[in-house]
Amino acid sequence: MPVTIRNIRTFLTAPNHIRLVVVRVETSEPGLYGLGCATFTQRALSVASAVDQYLAPFLKGRDVDDIEDIWQCAFVSGYWRNGPVLNNAMSGVDQALWDIKGKRAGMPVYQLLGGKCRDCVPLYHHCSGEDPKAVEDDIRASMEQGYRYCRAQVAVPSYATYGARVQPGQRAVWEPSPYVRSVVRLFDHLREHLGDEIELLHDIHERVPPIHAINLAKQLEKHSLFFLEDPFAPEDVEYHRLLRQQTSTPIAMGELFCNVNEYLPLIRDQLIDFIRVHVSTIGGISPARKLAALCEFFGVRTAWHGPGDVSPVGHAANMHLDLACYNFGIQEEHYFREETREVFPGCPEIRDGCMWPNDRPGLGIDLDEAKAAQVPFEEHETNGCWPPIRRADGTVIRP
Ligand code: MG
């Protein structure tokens, strides 16, 4: 008798004030269920609708063993496809089916993916400060905790800057030229005072005109970054060809990618060094493992997007891929606080700058439904939309 999908339910929960979307696939076998991450925090309610009103009725009764066929059927079931809402919905189901397959096999998911290539998953830690000295102090504190990779972001005086806290009284405006100058000063300072043992990363977050990003990547070349992230917006990826000819600074790209046609040319032509996709936004573990295998043959390493608005279930999925994919590069860290860890028992353990698996079957993580219900989405006038950021003259810019 095949084990079949009995029901698919979406959970919306916001521990520590972050809106998360988690999908639970229930099966015909009593007590057997799987969890998947479908978190697209800025459009969480749209994803929930796509799961509960479309995928659930479409997939009920399907054999849980058929992960690949279920993914392919769901992919074309809306006819129009490759968008972030539908991909996240599919990821919720896909990751839950891998969780179920692991539980049925009595193995962690990384075993189903080929087994461990490494004992644990090195993480990069987010470091920031209001000036270069404060960033240096934050990195030193991280190194004392065992981190060997740190992302360094610095505030730009008078401006709202990605990755650094907005100071009281700061205007919510942003300008590219002061930012570029401040980042160069930051890395000059960090290498002078920290030496070259620590691996340093930086995220441009697609905020500057492309030629500014090329200029910045060239100026940072002497500081040997581990990677420079998102120099361009997805709409400007053709600039990667110019950038590659100008500098050997390693490039990470792609947390906003949804469609295979956005990233395939960059990998095939070896224009990036790290693929940064948000695993749920490309559709889950099934497409991510194929993407990782493709990247391996082109010398591109993985660096899956891992901020706080990937649920702990999604971080667990990232970890299983990281353990099993030979061309793993680095994993972005989000340290989940107590409230989140109570909602998600079995959160991957973080120590010595690495994430460690617990070796339970499946993804190794659970959802405490009662605790999740105690931290519902809070009232928010725009339902979690990213607020506009503007230049001094009022022009809206990319987030
Ligand atoms: Mg980023």
# chains A, B, ... in the order shown; residues from 1 in each chain; ligands from 1

call {"tool": "closest_atom_pairs", "arguments": {"of": "chain A", "to": "ligand 1", "cutoff": "9 Å", "atoms": "only C-alpha atoms and all ligand atoms", "output": "tab-separated table"}}
result
residue	atom	partner	partner_atom_place_in_ligand_line	distance
A:His202	CA	ligand 1	1 (Mg)	8.7
A:Asp203	CA	ligand 1	1 (Mg)	5.6
A:Ile204	CA	ligand 1	1 (Mg)	7.6
A:His205	CA	ligand 1	1 (Mg)	5.6
A:Glu206	CA	ligand 1	1 (Mg)	8.7
A:Glu229	CA	ligand 1	1 (Mg)	6.3
A:Asp230	CA	ligand 1	1 (Mg)	6.5
A:Ala252	CA	ligand 1	1 (Mg)	8.9
A:Met253	CA	ligand 1	1 (Mg)	8.2
A:Gly254	CA	ligand 1	1 (Mg)	8.1
A:Glu255	CA	ligand 1	1 (Mg)	6.2
A:Leu256	CA	ligand 1	1 (Mg)	8.7
A:Arg276	CA	ligand 1	1 (Mg)	7.9
A:His305	CA	ligand 1	1 (Mg)	7.1
A:Gly306	CA	ligand 1	1 (Mg)	8.9
A:Pro307	CA	ligand 1	1 (Mg)	8.4

call {"tool": "residues_around", "arguments": {"residues": "His189 (chain A)", "least_positions_apart": "2", "cutoff": "12 Å", "atoms": "only C-alpha atoms", "output": "number ranges by chain"}}
result
A: 131-137, 152, 154, 182-187, 191-196, 220, 223

call {"tool": "select_by_dssp", "arguments": {"residues": "region 269-357 of chain A", "states": "helix (DSSP H, G or I)", "output": "PyMOL selection string"}}
result
chain A and resi 279-282+285-297+312-324+338-343

call {"tool": "select_by_dssp", "arguments": {"residues": "region 167-397 of chain A", "states": "strand (DSSP E)", "output": "list in words"}}
result
Glu199, Leu200, Leu201, His202, Asp203, Phe227, Leu228, Glu229, Ile251, Ala252, Met253, Phe274, Ile275, Arg301, Thr302, Gln331, Glu332, Glu349, Ile350, Arg351, Cys354, Met355, Trp356, Ile389, Arg390, Val396 and Ile397 of chain A

call {"tool": "write_last_selection", "arguments": {"atoms": "N, CA, C and O atoms", "output": "mmCIF file, in the first residue's frame"}}
result
data_model
loop_
_atom_site.group_PDB
_atom_site.id
_atom_site.type_symbol
_atom_site.label_atom_id
_atom_site.label_comp_id
_atom_site.auth_asym_id
_atom_site.auth_seq_id
_atom_site.Cartn_x
_atom_site.Cartn_y
_atom_site.Cartn_z
ATOM 1 N N GLU A 199 38.437 35.611 7.075
ATOM 2 C CA GLU A 199 37.793 35.736 5.755
ATOM 3 C C GLU A 199 36.715 36.816 5.844
ATOM 4 O O GLU A 199 35.838 36.760 6.716
ATOM 5 N N LEU A 200 36.780 37.784 4.958
ATOM 6 C CA LEU A 200 35.838 38.907 4.981
ATOM 7 C C LEU A 200 34.933 38.884 3.754
ATOM 8 O O LEU A 200 35.371 38.566 2.643
ATOM 9 N N LEU A 201 33.659 39.229 3.996
ATOM 10 C CA LEU A 201 32.646 39.267 2.936
ATOM 11 C C LEU A 201 31.943 40.618 3.019
ATOM 12 O O LEU A 201 31.953 41.284 4.059
ATOM 13 N N HIS A 202 31.317 41.005 1.910
ATOM 14 C CA HIS A 202 30.522 42.243 1.916
ATOM 15 C C HIS A 202 29.364 42.093 0.932
ATOM 16 O O HIS A 202 29.504 41.461 -0.111
ATOM 17 N N ASP A 203 28.216 42.694 1.305
ATOM 18 C CA ASP A 203 27.014 42.634 0.472
ATOM 19 C C ASP A 203 26.666 44.035 -0.032
ATOM 20 O O ASP A 203 26.311 44.911 0.764
ATOM 21 N N PHE A 227 34.063 36.805 -0.561
ATOM 22 C CA PHE A 227 33.247 37.196 -1.707
ATOM 23 C C PHE A 227 32.630 38.571 -1.524
ATOM 24 O O PHE A 227 32.518 39.083 -0.405
ATOM 25 N N LEU A 228 32.271 39.157 -2.675
ATOM 26 C CA LEU A 228 31.523 40.410 -2.746
ATOM 27 C C LEU A 228 30.164 40.035 -3.333
ATOM 28 O O LEU A 228 30.081 39.430 -4.401
ATOM 29 N N GLU A 229 29.099 40.395 -2.594
ATOM 30 C CA GLU A 229 27.779 39.869 -2.928
ATOM 31 C C GLU A 229 26.892 40.875 -3.649
ATOM 32 O O GLU A 229 26.896 42.063 -3.329
ATOM 33 N N ILE A 251 32.908 36.780 -6.687
ATOM 34 C CA ILE A 251 31.558 37.343 -6.747
ATOM 35 C C ILE A 251 30.522 36.301 -6.326
ATOM 36 O O ILE A 251 30.512 35.177 -6.829
ATOM 37 N N ALA A 252 29.637 36.716 -5.403
ATOM 38 C CA ALA A 252 28.465 35.911 -5.025
ATOM 39 C C ALA A 252 27.234 36.623 -5.547
ATOM 40 O O ALA A 252 27.150 37.843 -5.486
ATOM 41 N N MET A 253 26.300 35.863 -6.067
ATOM 42 C CA MET A 253 25.150 36.507 -6.698
ATOM 43 C C MET A 253 23.923 35.633 -6.557
ATOM 44 O O MET A 253 24.004 34.410 -6.597
ATOM 45 N N PHE A 274 30.046 32.166 -6.451
ATOM 46 C CA PHE A 274 29.142 31.575 -5.457
ATOM 47 C C PHE A 274 27.704 31.812 -5.904
ATOM 48 O O PHE A 274 27.348 32.931 -6.285
ATOM 49 N N ILE A 275 26.888 30.763 -5.810
ATOM 50 C CA ILE A 275 25.457 30.907 -6.117
ATOM 51 C C ILE A 275 24.726 31.121 -4.789
ATOM 52 O O ILE A 275 24.889 30.357 -3.842
ATOM 53 N N ARG A 301 30.686 27.636 -6.313
ATOM 54 C CA ARG A 301 30.371 27.053 -5.015
ATOM 55 C C ARG A 301 29.029 27.568 -4.489
ATOM 56 O O ARG A 301 28.561 28.626 -4.902
ATOM 57 N N THR A 302 28.451 26.817 -3.546
ATOM 58 C CA THR A 302 27.143 27.212 -3.010
ATOM 59 C C THR A 302 27.313 28.140 -1.806
ATOM 60 O O THR A 302 28.281 28.026 -1.036
ATOM 61 N N GLN A 331 27.971 29.027 4.341
ATOM 62 C CA GLN A 331 26.555 29.194 4.673
ATOM 63 C C GLN A 331 26.359 30.469 5.470
ATOM 64 O O GLN A 331 27.075 30.704 6.456
ATOM 65 N N GLU A 332 25.404 31.286 5.047
ATOM 66 C CA GLU A 332 25.035 32.478 5.822
ATOM 67 C C GLU A 332 24.355 32.027 7.109
ATOM 68 O O GLU A 332 23.489 31.158 7.105
ATOM 69 N N GLU A 349 22.095 23.013 15.572
ATOM 70 C CA GLU A 349 22.967 23.563 16.626
ATOM 71 C C GLU A 349 24.074 24.405 15.993
ATOM 72 O O GLU A 349 24.636 24.029 14.953
ATOM 73 N N ILE A 350 24.377 25.533 16.617
ATOM 74 C CA ILE A 350 25.475 26.380 16.142
ATOM 75 C C ILE A 350 26.527 26.458 17.238
ATOM 76 O O ILE A 350 26.234 26.853 18.366
ATOM 77 N N ARG A 351 27.762 26.034 16.905
ATOM 78 C CA ARG A 351 28.883 26.225 17.825
ATOM 79 C C ARG A 351 30.183 26.247 17.030
ATOM 80 O O ARG A 351 30.277 25.656 15.956
ATOM 81 N N CYS A 354 30.120 27.035 13.323
ATOM 82 C CA CYS A 354 29.594 26.050 12.381
ATOM 83 C C CYS A 354 28.192 25.603 12.800
ATOM 84 O O CYS A 354 27.802 25.738 13.952
ATOM 85 N N MET A 355 27.453 25.056 11.833
ATOM 86 C CA MET A 355 26.153 24.450 12.099
ATOM 87 C C MET A 355 26.350 22.933 12.095
ATOM 88 O O MET A 355 27.022 22.389 11.217
ATOM 89 N N TRP A 356 25.727 22.276 13.086
ATOM 90 C CA TRP A 356 25.919 20.836 13.267
ATOM 91 C C TRP A 356 24.585 20.121 13.173
ATOM 92 O O TRP A 356 23.617 20.544 13.798
ATOM 93 N N ILE A 389 13.004 52.933 0.096
ATOM 94 C CA ILE A 389 14.237 53.643 0.458
ATOM 95 C C ILE A 389 14.503 54.595 -0.696
ATOM 96 O O ILE A 389 14.389 54.198 -1.872
ATOM 97 N N ARG A 390 14.848 55.834 -0.396
ATOM 98 C CA ARG A 390 14.943 56.850 -1.455
ATOM 99 C C ARG A 390 16.279 57.558 -1.426
ATOM 100 O O ARG A 390 16.920 57.658 -0.385
ATOM 101 N N VAL A 396 13.053 56.519 -5.629
ATOM 102 C CA VAL A 396 13.079 55.235 -4.926
ATOM 103 C C VAL A 396 14.203 54.373 -5.507
ATOM 104 O O VAL A 396 14.480 54.423 -6.711
ATOM 105 N N ILE A 397 14.854 53.618 -4.628
ATOM 106 C CA ILE A 397 15.950 52.748 -5.080
ATOM 107 C C ILE A 397 15.619 51.312 -4.719
ATOM 108 O O ILE A 397 14.667 51.034 -4.015
#

call {"tool": "atom_distance", "arguments": {"atom1": "CA of Ser49 (chain A)", "atom2": "CA of Thr10 (chain A)"}}
result
8.7 Å

call {"tool": "residues_around", "arguments": {"residues": "Glu378 (chain A)", "least_positions_apart": "2", "cutoff": "10 Å", "atoms": "only C-alpha atoms", "output": "PDB file with all heavy atoms, in the first residue's frame"}}
result
ATOM      1  N   THR A  13       3.570  31.940  11.298  1.00  0.00           N
ATOM      2  CA  THR A  13       3.995  32.200  12.674  1.00  0.00           C
ATOM      3  C   THR A  13       5.110  33.239  12.647  1.00  0.00           C
ATOM      4  O   THR A  13       5.855  33.321  11.664  1.00  0.00           O
ATOM      5  CB  THR A  13       4.441  30.893  13.364  1.00  0.00           C
ATOM      6  OG1 THR A  13       4.792  31.163  14.722  1.00  0.00           O
ATOM      7  CG2 THR A  13       5.625  30.242  12.653  1.00  0.00           C
ATOM      8  N   ALA A  14       5.210  34.032  13.719  1.00  0.00           N
ATOM      9  CA  ALA A  14       6.192  35.130  13.718  1.00  0.00           C
ATOM     10  C   ALA A  14       6.985  35.187  15.025  1.00  0.00           C
ATOM     11  O   ALA A  14       6.980  36.195  15.727  1.00  0.00           O
ATOM     12  CB  ALA A  14       5.485  36.458  13.466  1.00  0.00           C
ATOM     13  N   HIS A  17       9.290  38.215  15.987  1.00  0.00           N
ATOM     14  CA  HIS A  17       8.757  39.260  15.092  1.00  0.00           C
ATOM     15  C   HIS A  17       9.115  39.058  13.608  1.00  0.00           C
ATOM     16  O   HIS A  17       9.045  40.001  12.826  1.00  0.00           O
ATOM     17  CB  HIS A  17       9.206  40.658  15.539  1.00  0.00           C
ATOM     18  CG  HIS A  17       9.002  40.903  17.006  1.00  0.00           C
ATOM     19  ND1 HIS A  17       7.757  41.062  17.561  1.00  0.00           N
ATOM     20  CD2 HIS A  17       9.895  40.980  18.036  1.00  0.00           C
ATOM     21  CE1 HIS A  17       7.886  41.237  18.874  1.00  0.00           C
ATOM     22  NE2 HIS A  17       9.170  41.176  19.192  1.00  0.00           N
ATOM     23  N   ILE A  18       9.521  37.846  13.206  1.00  0.00           N
ATOM     24  CA  ILE A  18       9.807  37.593  11.794  1.00  0.00           C
ATOM     25  C   ILE A  18       8.703  36.699  11.236  1.00  0.00           C
ATOM     26  O   ILE A  18       8.440  35.609  11.766  1.00  0.00           O
ATOM     27  CB  ILE A  18      11.189  36.920  11.596  1.00  0.00           C
ATOM     28  CG1 ILE A  18      12.291  37.817  12.163  1.00  0.00           C
ATOM     29  CG2 ILE A  18      11.436  36.649  10.109  1.00  0.00           C
ATOM     30  CD1 ILE A  18      13.690  37.206  12.081  1.00  0.00           C
ATOM     31  N   ARG A  19       8.061  37.156  10.154  1.00  0.00           N
ATOM     32  CA  ARG A  19       6.944  36.403   9.569  1.00  0.00           C
ATOM     33  C   ARG A  19       7.470  35.202   8.779  1.00  0.00           C
ATOM     34  O   ARG A  19       8.160  35.371   7.774  1.00  0.00           O
ATOM     35  CB  ARG A  19       6.156  37.315   8.622  1.00  0.00           C
ATOM     36  CG  ARG A  19       5.435  38.408   9.350  1.00  0.00           C
ATOM     37  CD  ARG A  19       4.814  39.415   8.406  1.00  0.00           C
ATOM     38  NE  ARG A  19       3.834  40.212   9.133  1.00  0.00           N
ATOM     39  CZ  ARG A  19       2.617  40.492   8.682  1.00  0.00           C
ATOM     40  NH1 ARG A  19       2.233  40.083   7.488  1.00  0.00           N
ATOM     41  NH2 ARG A  19       1.789  41.202   9.407  1.00  0.00           N
ATOM     42  N   VAL A 375       2.481  32.975  18.746  1.00  0.00           N
ATOM     43  CA  VAL A 375       3.219  34.113  18.162  1.00  0.00           C
ATOM     44  C   VAL A 375       2.739  34.328  16.718  1.00  0.00           C
ATOM     45  O   VAL A 375       3.481  34.116  15.760  1.00  0.00           O
ATOM     46  CB  VAL A 375       4.752  33.918  18.231  1.00  0.00           C
ATOM     47  CG1 VAL A 375       5.263  34.228  19.613  1.00  0.00           C
ATOM     48  CG2 VAL A 375       5.164  32.500  17.829  1.00  0.00           C
ATOM     49  N   PRO A 376       1.469  34.738  16.557  1.00  0.00           N
ATOM     50  CA  PRO A 376       0.922  34.935  15.211  1.00  0.00           C
ATOM     51  C   PRO A 376       1.532  36.177  14.554  1.00  0.00           C
ATOM     52  O   PRO A 376       2.232  36.958  15.208  1.00  0.00           O
ATOM     53  CB  PRO A 376      -0.577  35.149  15.480  1.00  0.00           C
ATOM     54  CG  PRO A 376      -0.625  35.751  16.842  1.00  0.00           C
ATOM     55  CD  PRO A 376       0.515  35.127  17.605  1.00  0.00           C
ATOM     56  N   HIS A 380       0.177  44.766  10.892  1.00  0.00           N
ATOM     57  CA  HIS A 380       1.153  45.608  10.183  1.00  0.00           C
ATOM     58  C   HIS A 380       0.430  46.256   9.029  1.00  0.00           C
ATOM     59  O   HIS A 380      -0.242  45.557   8.253  1.00  0.00           O
ATOM     60  CB  HIS A 380       2.318  44.748   9.696  1.00  0.00           C
ATOM     61  CG  HIS A 380       3.437  45.536   9.099  1.00  0.00           C
ATOM     62  ND1 HIS A 380       3.458  45.907   7.772  1.00  0.00           N
ATOM     63  CD2 HIS A 380       4.566  46.038   9.647  1.00  0.00           C
ATOM     64  CE1 HIS A 380       4.569  46.595   7.527  1.00  0.00           C
ATOM     65  NE2 HIS A 380       5.255  46.695   8.640  1.00  0.00           N
ATOM     66  N   GLU A 381       0.565  47.560   8.907  1.00  0.00           N
ATOM     67  CA  GLU A 381      -0.290  48.284   7.958  1.00  0.00           C
ATOM     68  C   GLU A 381      -0.061  47.863   6.505  1.00  0.00           C
ATOM     69  O   GLU A 381      -0.969  47.933   5.688  1.00  0.00           O
ATOM     70  CB  GLU A 381      -0.109  49.804   8.112  1.00  0.00           C
ATOM     71  CG  GLU A 381       1.321  50.274   7.936  1.00  0.00           C
ATOM     72  CD  GLU A 381       1.487  51.753   8.309  1.00  0.00           C
ATOM     73  OE1 GLU A 381       0.504  52.358   8.767  1.00  0.00           O
ATOM     74  OE2 GLU A 381       2.603  52.269   8.139  1.00  0.00           O
ATOM     75  N   ASN A 383       1.343  44.697   5.753  1.00  0.00           N
ATOM     76  CA  ASN A 383       1.541  43.250   5.732  1.00  0.00           C
ATOM     77  C   ASN A 383       2.984  42.831   5.466  1.00  0.00           C
ATOM     78  O   ASN A 383       3.234  41.858   4.763  1.00  0.00           O
ATOM     79  CB  ASN A 383       0.628  42.595   4.688  1.00  0.00           C
ATOM     80  CG  ASN A 383      -0.701  42.173   5.310  1.00  0.00           C
ATOM     81  OD1 ASN A 383      -0.763  41.889   6.505  1.00  0.00           O
ATOM     82  ND2 ASN A 383      -1.743  42.137   4.511  1.00  0.00           N
ATOM     83  N   GLY A 384       3.927  43.568   6.002  1.00  0.00           N
ATOM     84  CA  GLY A 384       5.323  43.151   5.922  1.00  0.00           C
ATOM     85  C   GLY A 384       6.064  43.570   4.665  1.00  0.00           C
ATOM     86  O   GLY A 384       7.158  43.079   4.403  1.00  0.00           O
TER      87      GLY A 384
END

call {"tool": "closest_atom_pairs", "arguments": {"of": "region 247-341 of chain A", "to": "region 57-78 of chain A", "cutoff": "12 Å", "atoms": "only C-alpha atoms", "output": "Markdown table"}}
result
| residue | atom | partner | partner_atom | distance |
| --- | --- | --- | --- | --- |
| A:Asn259 | CA | A:Phe75 | CA | 11.9 |
| A:Ile282 | CA | A:Phe75 | CA | 10.9 |
| A:Gly283 | CA | A:Trp71 | CA | 8.4 |
| A:Gly284 | CA | A:Trp71 | CA | 9.3 |
| A:Ile285 | CA | A:Ile67 | CA | 10.2 |
| A:Ser286 | CA | A:Glu68 | CA | 7.2 |
| A:Pro287 | CA | A:Trp71 | CA | 9.1 |
| A:Arg289 | CA | A:Glu68 | CA | 11.8 |
| A:Lys290 | CA | A:Glu68 | CA | 11.5 |

call {"tool": "closest_residue", "arguments": {"among": "A:Cys258, A:Ala324, A:Leu55, A:Val93", "to": "Asp119 (chain A)", "atoms": "only C-alpha atoms"}}
result
A:Ala324

call {"tool": "closest_residue", "arguments": {"among": "A:Leu243, A:Ala392, A:Ile5, A:Leu294", "to": "Arg268 (chain A)", "atoms": "only C-alpha atoms"}}
result
A:Leu294
